[in-house]
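To keep things clear, I will list the structure first and then write my remarks on it.
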Amino acid sequence: MARKGGGTVHLQPGTYRLRNSVFLQSKVDRRLEERFHLDGDPRIATNFALLQCTSVADVVIENFTVDGNKAHNEMIDKGAFDDGAIRLDECNRIAVRGVTVHNFYCDGIVWGISHDVLVENCHLYDGARLAMHSGSGSQRSIVRGNRMQRSAEGIYFCWGAQHGLYEKNVIEDCGYGMTFGHSDSDNLIRDNDIRRSREAGIHFRGGNKAFAPHRNRIEENRIVDSGGEKGIGIEINGETEAVVLSRNEIRETRGPASRIGILIGAETRNIRSEDNRIEGFATPISDLRKK
């Protein structure tokens with residue numbers, strides 16, 4: 001099985017060779033959903049999700065381990081097409097519970113254009129890229145009680161992940177704890193522990209007003225020891241609007257250096273910081289907006 005873009009290509013038994021950048025003697029059981037560009041130095045690989053659900057509903061996935069082998073599986077597309085150990089595409093009402101994913105060559109659990117997905121009590125660690133990838137217009141996700149460790153990012157919100165609840169998760173030793181981007185709006189981030197992020201605890205990737213992640217609420221989280229000497233606990237940038245930071249505990253135990261508790265970008269609007277406990281930083285709140 002090979003993937004390109006959002007589609008899944010199932011190859012029938014036979015011999016496959018690459019000649020002049022095209023497949024020979026190959027058959028597919030469904031139409032291709034993406035174009036295959038043949039410029040440059042095309043390559044083919046057998047990388048794919050170990051468990052993939054496409055266009056299904058009311059499925060429970062629980063209590064097993066996905067044992068990856070990232071040392072011997074090259075991420076040839078640099079993650080552009082979001083392979084995951086577990087991947088859901090165009091699905092509804094899927095529950096993923098009690099699953100362990102480790103040492104995977106790309107992302108851990110990925111879902112796109114999939115609604116009412118529940119990911120609960122899972123453990124994801126030592127992945128090459130994103131532990132959880134909540135993306136592509138997925139609505140009403142619930143991500144609860146999971147533990148993510150030693151990945152490039154803990155939870156990555158991708159292009160229209162909206163109206164979700166993310167609570168009681170533990171994210172440790174990742175590049176970023178959580179990041180928000182294109183139209184990842186109206187989510188509630190509550191009662192999570194984010195520790196020892198290498199860059200920032202929670203990071204808003206910004207963008208112009210049409211695509212920025214608006215109306216997210218970040219409350220009662222504990223964010224400890226984020227980034228290097230210029231690390232940031234929570235960073236909100238771009239033209240992001242209407243974000244509420246309420247009753248969070250943001251701490252730095254390694255010394256203040258040049259670290260910032262909350263950074264509010266110059267182009268943001270209506271960012272509210274309420275009753276947060278911020279300790280140990282050189283600058284508790286840096287607000288770059290014009291007064």
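Labels used: A, B, ... for chains in the order of the structure tokens, numbers from 1 for residues in each chain, and numbers from 1 for ligands as shown.
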Using DSSP on the backbone coordinates, identify all residues within stretch 129-258 of chain A classified as strand (DSSP E); present the result as an MDAnalysis selection string.
chainID A and resid 130:135 142:144 147:149 153:158 165:167 170:172 176:180 188:190 193:195 200:204 217:219 222:224 232:236 244:246 249:251
Create the file for the chosen residues now, containing C-alpha atoms and written as a short mmCIF file (atom, residue, chain, number, x, y, z; two decimals), in the first residue's frame.
data_model
loop_
_atom_site.label_atom_id
_atom_site.label_comp_id
_atom_site.auth_asym_id
_atom_site.auth_seq_id
_atom_site.Cartn_x
_atom_site.Cartn_y
_atom_site.Cartn_z
CA LEU A 130 3.89 15.20 15.67
CA ALA A 131 2.48 13.03 18.45
CA MET A 132 -1.13 14.03 17.66
CA HIS A 133 -2.19 15.82 14.50
CA SER A 134 -5.70 17.22 14.70
CA GLY A 135 -6.37 18.62 11.31
CA ILE A 142 -12.09 15.36 22.27
CA VAL A 143 -8.49 14.65 23.30
CA ARG A 144 -8.38 13.64 26.95
CA ARG A 147 0.54 11.36 27.50
CA MET A 148 2.90 12.61 24.78
CA GLN A 149 6.69 12.57 25.16
CA GLU A 153 5.34 18.58 18.80
CA GLY A 154 2.78 17.28 21.25
CA ILE A 155 -0.57 18.37 19.74
CA TYR A 156 -0.56 20.07 16.35
CA PHE A 157 -3.75 21.82 15.24
CA CYS A 158 -3.90 21.95 11.45
CA LEU A 165 -11.98 19.91 23.88
CA TYR A 166 -8.38 19.11 24.87
CA GLU A 167 -8.05 18.37 28.57
CA VAL A 170 0.48 15.49 29.77
CA ILE A 171 3.00 16.73 27.19
CA GLU A 172 6.68 16.41 28.06
CA TYR A 176 6.35 22.61 21.17
CA GLY A 177 3.64 21.49 23.56
CA MET A 178 0.74 22.67 21.35
CA THR A 179 0.59 24.83 18.23
CA PHE A 180 -2.40 26.49 16.54
CA LEU A 188 -11.11 24.78 24.78
CA ILE A 189 -7.67 23.84 26.15
CA ARG A 190 -8.13 22.95 29.82
CA ASP A 193 0.41 19.76 31.92
CA ILE A 194 3.07 20.93 29.45
CA ARG A 195 6.63 20.44 30.67
CA ALA A 200 7.47 27.13 23.62
CA GLY A 201 4.71 25.60 25.70
CA ILE A 202 1.77 26.85 23.58
CA HIS A 203 2.45 28.59 20.28
CA PHE A 204 0.01 30.37 17.94
CA ARG A 217 -9.72 29.51 25.41
CA ILE A 218 -6.66 28.38 27.40
CA GLU A 219 -7.54 27.77 31.05
CA ARG A 222 0.29 24.16 33.99
CA ILE A 223 3.18 25.14 31.72
CA VAL A 224 6.67 24.66 33.17
CA ILE A 232 8.29 31.50 25.97
CA GLY A 233 5.49 29.89 27.95
CA ILE A 234 2.60 31.03 25.70
CA GLU A 235 3.19 32.90 22.43
CA ILE A 236 0.30 34.48 20.49
CA VAL A 244 -8.65 34.05 26.59
CA LEU A 245 -5.85 32.95 28.94
CA SER A 246 -7.43 32.24 32.30
CA GLU A 249 0.09 28.45 36.01
CA ILE A 250 3.14 29.38 33.93
CA ARG A 251 6.43 28.75 35.73
#
Show me, as a PDB file with C-alpha atoms, in the first residue's frame, the residues that have an atom within 12 Å of A:Glu241 when counting only C-alpha atoms, minus same-chain residues fewer than 2 positions from it.
ATOM      1  CA  SER A 183      -8.422  28.779  11.323  1.00  0.00           C
ATOM      2  CA  ASP A 184      -7.934  26.487  14.329  1.00  0.00           C
ATOM      3  CA  SER A 185     -10.631  28.297  16.260  1.00  0.00           C
ATOM      4  CA  ASP A 186     -13.135  27.911  19.096  1.00  0.00           C
ATOM      5  CA  PHE A 204       0.008  30.370  17.936  1.00  0.00           C
ATOM      6  CA  GLY A 206      -0.290  33.413  13.448  1.00  0.00           C
ATOM      7  CA  GLY A 207      -1.453  34.382   9.956  1.00  0.00           C
ATOM      8  CA  ASN A 208      -3.703  37.116   8.643  1.00  0.00           C
ATOM      9  CA  LYS A 209      -7.167  37.716  10.067  1.00  0.00           C
ATOM     10  CA  ALA A 210      -8.895  35.369   7.620  1.00  0.00           C
ATOM     11  CA  PHE A 211      -6.744  32.403   8.618  1.00  0.00           C
ATOM     12  CA  ALA A 212      -5.540  33.117  12.149  1.00  0.00           C
ATOM     13  CA  PRO A 213      -6.669  30.860  15.040  1.00  0.00           C
ATOM     14  CA  HIS A 214      -9.381  32.917  16.769  1.00  0.00           C
ATOM     15  CA  ARG A 215     -11.524  32.450  19.901  1.00  0.00           C
ATOM     16  CA  ASN A 216      -9.525  29.735  21.619  1.00  0.00           C
ATOM     17  CA  ARG A 217      -9.718  29.510  25.408  1.00  0.00           C
ATOM     18  CA  ILE A 236       0.296  34.478  20.486  1.00  0.00           C
ATOM     19  CA  ASN A 237       1.113  36.188  17.196  1.00  0.00           C
ATOM     20  CA  GLY A 238      -0.230  37.111  13.778  1.00  0.00           C
ATOM     21  CA  GLU A 239      -3.668  38.743  13.537  1.00  0.00           C
ATOM     22  CA  VAL A 243      -8.110  34.464  22.839  1.00  0.00           C
ATOM     23  CA  VAL A 244      -8.645  34.050  26.585  1.00  0.00           C
ATOM     24  CA  ILE A 264       1.294  38.930  22.861  1.00  0.00           C
ATOM     25  CA  GLY A 265       2.119  39.922  19.272  1.00  0.00           C
ATOM     26  CA  ALA A 266       1.751  43.420  17.849  1.00  0.00           C
ATOM     27  CA  GLU A 267      -1.064  42.569  15.412  1.00  0.00           C
ATOM     28  CA  THR A 268      -3.246  40.556  17.784  1.00  0.00           C
ATOM     29  CA  ARG A 269      -6.532  41.921  19.107  1.00  0.00           C
ATOM     30  CA  ASN A 270      -8.719  41.287  22.143  1.00  0.00           C
ATOM     31  CA  ILE A 271      -6.286  38.968  23.942  1.00  0.00           C
ATOM     32  CA  ARG A 272      -7.376  38.610  27.569  1.00  0.00           C
TER      33      ARG A 272
END
List the spatial neighbours of A:Lys70 as a PyMOL selection string - criterion: any atom at most 7 Å away, only C-alpha atoms, same-chain residues fewer than 3 positions off excluded.
chain A and resi 73+103-105
Written selection (N, CA and C atoms) as a short mmCIF file (atom, residue, chain, number, x, y, z; two decimals), in the first residue's frame:
data_model
loop_
_atom_site.label_atom_id
_atom_site.label_comp_id
_atom_site.auth_asym_id
_atom_site.auth_seq_id
_atom_site.Cartn_x
_atom_site.Cartn_y
_atom_site.Cartn_z
N ASN A 73 12.95 3.72 8.53
CA ASN A 73 11.85 4.20 7.66
C ASN A 73 12.07 5.69 7.42
N ASN A 103 8.15 5.35 18.65
CA ASN A 103 9.25 5.16 17.71
C ASN A 103 8.79 5.17 16.26
N PHE A 104 7.71 5.96 15.95
CA PHE A 104 7.19 5.97 14.59
C PHE A 104 7.96 6.98 13.75
N TYR A 105 8.06 6.73 12.44
CA TYR A 105 8.92 7.55 11.58
C TYR A 105 8.29 8.90 11.23
#
Computed interatomic separation between atom CA of A:Asn121 and atom CA of A:Asp89 (Å):
21.3 Å
Quick one: residues within 6 Å of A:Lys168, only C-alpha atoms, excluding same-chain residues fewer than 3 positions away - as a PyMOL selection string?
chain A and resi 144-145+191-192
Which residue gives the smallest distance to A:Ile94 among A:Ser151, A:Asn63, A:Gln162, A:Ser141, with only C-alpha atoms counted?
A:Ser141
Compile the contact shell of A:Glu199 as a list of chain:residue names: residues with an atom at most 8 Å away, counting only C-alpha atoms, same-chain residues fewer than 3 positions apart removed.
A:Gly175, A:Tyr176, A:Ser226, A:Gly227, A:Gly228, A:Gly231, A:Ile232
For the residues selected in the previous step, produce a file with N, CA and C atoms as a compact mmCIF listing (two decimals), in the first residue's frame.
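result.txt written:
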# COMPACT_ATOMS: atom_id res chain seq x y z
N GLY A 175 9.26 19.56 21.16
CA GLY A 175 9.69 20.85 20.65
C GLY A 175 8.73 21.95 21.04
N TYR A 176 7.45 21.77 20.72
CA TYR A 176 6.35 22.61 21.17
C TYR A 176 5.34 21.72 21.89
N SER A 226 9.78 26.25 29.64
CA SER A 226 9.60 26.23 28.18
C SER A 226 10.78 26.89 27.47
N GLY A 227 11.37 26.20 26.52
CA GLY A 227 12.37 26.77 25.64
C GLY A 227 13.73 26.95 26.28
N GLY A 228 14.64 27.57 25.50
CA GLY A 228 15.99 27.85 25.98
C GLY A 228 16.05 29.15 26.74
N GLY A 231 13.20 31.31 25.93
CA GLY A 231 11.97 30.54 25.84
C GLY A 231 10.73 31.33 26.23
N ILE A 232 9.58 30.83 25.75
CA ILE A 232 8.29 31.50 25.97
C ILE A 232 7.28 30.46 26.44
What does the distance from atom CA of A:Ser258 to atom CA of A:Cys174 come to in Å, to one decimal?
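Separating atom CA of A:Ser258 from atom CA of A:Cys174 is a distance of 20.4 Å.
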